[in-house]
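S.K.: Quick one, start-v7.tsv (TSV, C-alpha atoms and all ligand atoms):
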```
chain	number	residue	atom	x	y	z
A	1	MET	CA	30.37	136.42	76.68
A	2	ASP	CA	32.86	135.73	79.49
A	3	ALA	CA	35.93	133.58	78.95
A	4	ASP	CA	34.75	130.76	81.21
A	5	THR	CA	31.49	130.35	79.27
A	6	GLU	CA	33.51	130.27	76.05
A	7	LYS	CA	35.84	127.65	77.53
A	8	ALA	CA	32.82	125.54	78.49
A	9	ARG	CA	31.40	125.78	74.98
A	10	ALA	CA	34.68	124.79	73.34
A	11	GLY	CA	35.03	121.89	75.79
A	12	ALA	CA	31.50	120.65	75.18
A	13	ALA	CA	31.95	120.82	71.40
A	14	ALA	CA	35.21	118.85	71.47
A	15	ALA	CA	33.70	116.28	73.84
A	16	GLN	CA	31.39	115.29	70.98
A	17	GLU	CA	34.44	113.83	69.18
A	18	VAL	CA	34.67	111.11	71.82
A	19	GLN	CA	33.17	107.84	70.61
A	20	ASP	CA	32.22	104.58	72.28
A	21	GLY	CA	35.23	102.36	72.99
A	22	MET	CA	37.84	105.10	72.66
A	23	LEU	CA	40.94	105.52	74.79
A	24	VAL	CA	41.02	109.23	75.56
A	25	GLY	CA	43.71	111.58	76.88
A	26	LEU	CA	42.39	114.25	79.24
A	27	GLY	CA	44.21	117.58	79.35
A	28	THR	CA	44.83	119.94	82.23
A	29	GLY	CA	43.59	123.42	83.12
A	30	SER	CA	40.36	125.34	83.35
A	31	THR	CA	39.31	124.66	79.74
A	32	ALA	CA	40.19	120.96	79.88
A	33	ALA	CA	38.15	120.75	83.10
A	34	HIS	CA	35.07	121.73	81.11
A	35	ALA	CA	35.79	119.02	78.55
A	36	ILE	CA	36.20	116.46	81.35
A	37	ALA	CA	32.84	117.50	82.79
A	38	ALA	CA	31.19	117.21	79.35
A	39	ILE	CA	32.74	113.78	78.75
A	40	GLY	CA	31.66	112.73	82.25
A	41	ALA	CA	28.07	113.74	81.43
A	42	ARG	CA	28.21	111.59	78.29
A	43	VAL	CA	29.60	108.66	80.33
A	44	ALA	CA	26.70	109.04	82.77
A	45	ALA	CA	24.40	108.81	79.75
A	46	GLY	CA	25.96	105.51	78.62
A	47	LEU	CA	29.17	106.31	76.69
A	48	ARG	CA	31.81	103.64	77.37
A	49	ILE	CA	35.38	104.91	77.26
A	50	ARG	CA	38.61	104.67	79.20
A	51	ALA	CA	40.93	107.59	79.75
A	52	VAL	CA	44.30	108.75	81.03
A	53	ALA	CA	44.92	112.12	82.65
A	54	THR	CA	47.78	114.56	82.08
A	55	SER	CA	47.88	115.66	85.73
A	56	ARG	CA	46.81	114.57	89.19
A	57	ALA	CA	44.22	117.35	89.22
A	58	SER	CA	42.60	116.12	85.99
A	59	GLU	CA	42.76	112.52	87.22
A	60	ALA	CA	40.78	113.51	90.31
A	61	LEU	CA	38.27	115.50	88.27
A	62	ALA	CA	37.77	112.64	85.84
A	63	ARG	CA	37.27	110.06	88.57
A	64	ARG	CA	34.71	112.32	90.24
A	65	ALA	CA	32.97	112.62	86.87
A	66	GLY	CA	32.69	108.81	86.69
A	67	ILE	CA	35.24	108.26	83.88
A	68	ALA	CA	37.14	104.94	83.97
A	69	MET	CA	40.80	105.89	84.38
A	70	LEU	CA	43.93	104.00	83.36
A	71	ASP	CA	47.56	104.51	84.34
A	72	PHE	CA	49.33	106.00	81.31
A	73	ALA	CA	52.36	103.84	82.13
A	74	ASP	CA	50.27	100.85	80.92
A	75	VAL	CA	48.82	102.47	77.78
A	76	PRO	CA	50.77	102.26	74.50
A	77	ARG	CA	48.52	104.51	72.42
A	78	LEU	CA	45.39	106.64	72.61
A	79	ASP	CA	42.69	107.51	70.10
A	80	LEU	CA	42.12	111.14	71.01
A	81	THR	CA	43.42	113.75	73.43
A	82	ILE	CA	41.55	116.94	74.28
A	83	ASP	CA	43.53	119.71	75.98
A	84	GLY	CA	43.70	123.46	76.47
A	85	ALA	CA	46.44	125.90	75.42
A	86	ASP	CA	47.82	129.26	76.48
A	87	GLU	CA	48.27	130.46	72.89
A	88	ILE	CA	47.63	128.92	69.50
A	89	ASP	CA	48.33	130.38	66.06
A	90	PRO	CA	47.22	129.67	62.46
A	91	ARG	CA	50.16	127.26	61.96
A	92	PHE	CA	48.66	125.17	64.81
A	93	PHE	CA	51.74	126.02	66.88
A	94	ALA	CA	50.75	126.22	70.54
A	95	ILE	CA	52.24	127.27	73.86
A	96	LYS	CA	51.10	125.13	76.79
A	97	GLY	CA	52.07	124.75	80.42
A	98	GLY	CA	50.46	127.72	82.14
A	99	GLY	CA	49.16	125.11	84.59
A	100	GLY	CA	52.50	123.34	84.79
A	101	ALA	CA	51.44	120.11	83.09
A	102	MET	CA	53.15	120.41	79.69
A	103	LEU	CA	55.56	117.50	80.06
A	104	ARG	CA	52.82	114.95	80.71
A	105	GLU	CA	50.59	116.73	78.19
A	106	LYS	CA	53.23	116.36	75.49
A	107	VAL	CA	53.89	112.66	76.02
A	108	VAL	CA	50.16	111.95	76.10
A	109	ALA	CA	49.64	114.02	72.92
A	110	ALA	CA	52.52	112.20	71.23
A	111	ALA	CA	50.86	108.84	71.98
A	112	SER	CA	47.51	110.02	70.59
A	113	ASP	CA	46.25	109.47	67.05
A	114	ARG	CA	44.58	112.87	67.28
A	115	MET	CA	45.04	115.89	69.53
A	116	VAL	CA	42.41	118.58	69.76
A	117	VAL	CA	43.00	121.91	71.47
A	118	ILE	CA	40.10	123.77	73.05
A	119	ALA	CA	40.28	127.49	73.79
A	120	ASP	CA	38.43	130.72	74.29
A	121	GLY	CA	38.97	133.33	71.59
A	122	GLY	CA	41.57	135.16	73.68
A	123	LYS	CA	44.06	132.32	73.16
A	124	ARG	CA	44.02	132.72	69.40
A	125	VAL	CA	47.05	134.76	68.32
A	126	ALA	CA	48.69	135.69	65.00
A	127	ALA	CA	51.96	134.09	66.12
A	128	ILE	CA	52.80	132.28	69.36
A	129	GLY	CA	54.89	134.27	71.82
A	130	ALA	CA	52.56	137.27	71.61
A	131	GLY	CA	51.96	137.27	75.35
A	132	ALA	CA	52.56	133.90	77.00
A	133	PRO	CA	56.00	132.89	78.23
A	134	VAL	CA	57.35	129.46	77.27
A	135	PRO	CA	57.25	127.20	80.36
A	136	VAL	CA	60.27	124.92	80.67
A	137	GLU	CA	60.36	121.97	83.09
A	138	ILE	CA	63.79	121.62	84.65
A	139	LEU	CA	65.69	119.25	86.89
A	140	PRO	CA	65.76	120.96	90.32
A	141	PHE	CA	69.34	119.72	90.88
A	142	ALA	CA	70.48	122.08	88.09
A	143	ARG	CA	68.18	124.99	88.94
A	144	ALA	CA	70.74	127.84	89.14
A	145	SER	CA	72.77	126.85	86.09
A	146	LEU	CA	69.63	126.31	84.00
A	147	LEU	CA	68.15	129.64	85.05
A	148	ALA	CA	71.36	131.31	83.89
A	149	ARG	CA	71.38	129.30	80.64
A	150	LEU	CA	67.76	130.08	79.80
A	151	GLY	CA	68.61	133.72	79.45
A	152	GLU	CA	67.39	137.12	80.51
A	153	GLY	CA	63.76	137.17	81.43
A	154	ALA	CA	63.78	133.55	82.62
A	155	VAL	CA	61.85	133.35	85.88
A	156	LEU	CA	61.64	130.44	88.28
A	157	ARG	CA	57.91	129.83	88.75
A	158	PRO	CA	56.95	130.37	92.39
A	159	GLY	CA	54.82	127.86	94.29
A	160	ARG	CA	53.03	128.18	97.60
A	161	ASP	CA	56.12	127.49	99.64
A	162	GLY	CA	59.22	127.87	97.50
A	163	PRO	CA	59.53	127.06	93.80
A	164	TYR	CA	56.56	125.48	92.02
A	165	VAL	CA	56.85	121.69	91.92
A	166	THR	CA	55.29	119.75	89.05
A	167	ASP	CA	53.53	116.41	89.31
A	168	ASN	CA	56.88	114.96	88.23
A	169	GLY	CA	58.75	116.54	91.14
A	170	ASN	CA	60.52	119.13	89.00
A	171	ASN	CA	60.55	122.96	88.76
A	172	ILE	CA	59.39	125.28	85.99
A	173	VAL	CA	61.19	128.24	84.47
A	174	ASP	CA	58.96	130.62	82.50
A	175	CYS	CA	61.07	131.89	79.61
A	176	ARG	CA	60.84	134.97	77.44
A	177	ILE	CA	62.55	133.71	74.32
A	178	GLY	CA	62.10	135.27	70.93
A	179	LEU	CA	59.90	132.95	68.89
A	180	GLN	CA	60.72	134.29	65.41
A	181	ASN	CA	61.61	130.69	64.58
A	182	PRO	CA	59.73	128.39	66.97
A	183	ARG	CA	61.36	125.24	65.58
A	184	GLU	CA	64.84	126.63	66.29
A	185	SER	CA	63.73	127.62	69.79
A	186	ALA	CA	62.30	124.15	70.45
A	187	ALA	CA	65.48	122.48	69.17
A	188	TRP	CA	67.58	124.77	71.39
A	189	LEU	CA	65.53	123.86	74.47
A	190	ASP	CA	65.55	120.16	73.55
A	191	GLY	CA	69.35	120.28	73.44
A	192	ILE	CA	69.92	121.67	76.95
A	193	ALA	CA	70.92	119.03	79.50
A	194	GLY	CA	68.57	119.23	82.47
A	195	VAL	CA	65.63	120.58	80.45
A	196	LEU	CA	63.05	117.84	80.79
A	197	GLY	CA	60.27	119.33	78.70
A	198	HIS	CA	58.81	122.58	77.43
A	199	GLY	CA	55.53	124.10	76.37
A	200	LEU	CA	56.22	124.54	72.65
A	201	PHE	CA	53.80	122.20	70.85
A	202	LEU	CA	54.65	122.52	67.18
A	203	ASP	CA	53.59	119.19	65.66
A	204	GLU	CA	51.07	117.75	68.09
A	205	VAL	CA	47.87	119.70	67.43
A	206	ASP	CA	45.54	118.29	64.75
A	207	ALA	CA	42.54	120.53	65.31
A	208	ALA	CA	41.32	123.41	67.45
A	209	TYR	CA	37.91	124.41	68.77
A	210	PHE	CA	37.69	128.14	69.45
A	211	ALA	CA	34.73	129.66	71.23
A	212	GLN	CA	34.21	133.34	70.56
A	213	ASP	CA	31.20	135.66	70.62
A	214	GLY	CA	28.84	132.75	71.28
A	215	THR	CA	30.05	130.64	68.36
A	216	VAL	CA	32.37	127.62	68.36
A	217	SER	CA	34.53	127.14	65.28
A	218	ARG	CA	36.59	124.05	64.50
A	219	LEU	CA	39.79	124.36	62.50
A	220	GLU	CA	41.59	121.29	61.15
A	221	ARG	CA	45.29	121.17	60.45
A	222	LEU	CA	45.70	120.22	56.81
A	223	ASP	CA	49.45	119.48	56.46
B	301	LIG	O1	49.71	123.13	82.00
B	301	LIG	C1	48.58	123.41	81.67
B	301	LIG	C2	48.06	123.34	80.32
B	301	LIG	O2	48.97	123.40	79.27
B	301	LIG	C3	46.78	124.11	80.07
B	301	LIG	O3	46.08	123.37	79.12
B	301	LIG	C4	46.98	125.53	79.58
B	301	LIG	O4	47.81	126.23	80.49
B	301	LIG	C5	45.64	126.26	79.42
B	301	LIG	O5	45.03	126.37	80.65
B	301	LIG	P1	43.60	127.06	80.83
B	301	LIG	O6	42.62	126.27	80.03
B	301	LIG	O7	43.35	127.01	82.29
B	301	LIG	O8	43.75	128.46	80.31
```
Will you turn the file into structure tokens for me?
Ligand SMILES: O=C[C@H](O)[C@H](O)[C@H](O)COP(=O)(O)O

M.R.:
Amino acid sequence: MDADTEKARAGAAAAQEVQDGMLVGLGTGSTAAHAIAAIGARVAAGLRIRAVATSRASEALARRAGIAMLDFADVPRLDLTIDGADEIDPRFFAIKGGGGAMLREKVVAAASDRMVVIADGGKRVAAIGAGAPVPVEILPFARASLLARLGEGAVLRPGRDGPYVTDNGNNIVDCRIGLQNPRESAAWLDGIAGVLGHGLFLDEVDAAYFAQDGTVSRLERLD
């Protein structure tokens, strides 16, 4: 089964967690887009929810799908967020930000009672850092000094016309940092002035839906 069909299956399964009256966070990326479509289909069938999006692209998708959208700046907490990931491991540590949305994704996840990750089987790894770089959102003003600070293998993400610019007006550096101790790596990144966010999600994920070989499995974080 191809990865997009698996993404759609994981998204549709997680969309079943959404209940009437919920405030829902909508993730970003190709897998989250499937969840948004599945939630939109449930809204068309009578489900009443309100949602916030983690990117302009997801906001537009959700509005087109008929989902009532709120400005996250006005929302103190959410019931559930459904989002994709670039890698996720058995500790429920995830790398996110392949689509550049990890800063908004993290603040939305942090405001959510529950965060569910949806992924095709290829995103499931024994330990994060297997393949995906860690995306780091940086203040453009400090671009050169931060690139130097983030070490060898740090690459400024290219956009269409110059460096990639996030929805927040910042740049992204994709970093190859050893993730033998992800908590130490996250603390190191958190401590660098000018780093505004990063794609290491170590405490946010409560459950994951993986679609593989035609089957969707749900794993719950127990600690
Ligand atoms: O910034 C984007 C997000 O973190 C995505 O959820 C992540 O990159 C996975 O994207 P996709 O579902 O397109 O593989």

S.K.: So that I can check the surroundings of Ile192 (chain A), please list as a ChimeraX atom specification every protein, DNA and RNA residue that reaches within 10 Å of it, counting all atoms listed in the file and ignoring chain neighbours fewer than 2 positions away.

M.R.: /A:138,146,149-150,187-190,194-196

S.K.: Dump the neighbourhood of ligand LIG 301 (chain B) as JSON, numbers by chain: all residues within 8 Å, distances computed on all atoms listed in the file.

M.R.: {"A": [7, 27, 28, 29, 30, 31, 32, 33, 83, 84, 85, 86, 95, 96, 97, 98, 99, 100, 101, 102, 105, 118, 119, 199]}

S.K.: Between A:Gly46, A:Pro158, A:Pro90, A:Gly122, which one has atoms that come closest to Asn171 (chain A), using all atoms listed in the file?

M.R.: A:Pro158

S.K.: One decimal, in Å: what's the spacing between CA of Ile172 (chain A) and CA of Val136 (chain A)?

M.R.: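 According to the coordinates, CA of Ile172 (chain A) and CA of Val136 (chain A) are separated by 5.4 Å.
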
S.K.: Of the candidates A:Ala154, A:Leu78, A:Ile36, A:Leu26, which one gets nearest to Arg114 (chain A) if we count all atoms listed in the file?

M.R.: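 Among the listed residues, the smallest separation from Arg114 (chain A) belongs to A:Leu78.
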
S.K.: Restricting the calculation to all atoms listed in the file: of A:Met115, A:Ala53, A:Leu179, A:Ala132, which residue gets closest to Glu220 (chain A)?

M.R.: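 When distances to Glu220 (chain A) are compared using all atoms listed in the file, the smallest one comes from A:Met115.
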
S.K.: From the list A:Val155, A:Ala8, A:Val24, A:Leu147, which residue is nearest Ser112 (chain A) when using only C-alpha atoms?

M.R.: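 Under the stated criterion, the closest residue is A:Val24.
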
S.K.: State, in Å with one decimal place, the distance from CA of His198 (chain A) to CA of Met69 (chain A).

M.R.: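 These atoms are spaced 25.5 Å apart.
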
S.K.: If I take CA of Asp203 (chain A) and CA of Gly178 (chain A), how far is one from the other in Å, to one decimal?

M.R.: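 If I compute the distance from CA of Asp203 (chain A) to CA of Gly178 (chain A), I get 18.9 Å.
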
S.K.: A:Asp74, A:Asp89, A:Glu59, A:Asp120: which is nearest Asp213 (chain A), counting all atoms listed in the file?

M.R.: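 Closest residue, counting all atoms listed in the file: A:Asp120.
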
S.K.: As a list in words, please: the residues near region 64-68 of chain A (cut-off 6 Å, all atoms listed in the file, same-chain neighbours under 3 positions excluded).

M.R.: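 Counting all atoms listed in the file, the residues come to Gly40, Arg50 and Leu61 of chain A.
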
S.K.: Considering only C-alpha atoms, state which residue in the set A:Glu17, A:Val43, A:Asp167, A:Ala37 is at the smallest distance from Ala57 (chain A).

M.R.: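 Nearest to Ala57 (chain A): A:Asp167.
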
S.K.: Using only C-alpha atoms, determine which residues lie at most 6 Å from Ala208 (chain A), disregarding the query and same-chain residues fewer than 6 positions distant; provide the list as a PyMOL selection string.

M.R.: chain A and resi 116-118+218-219
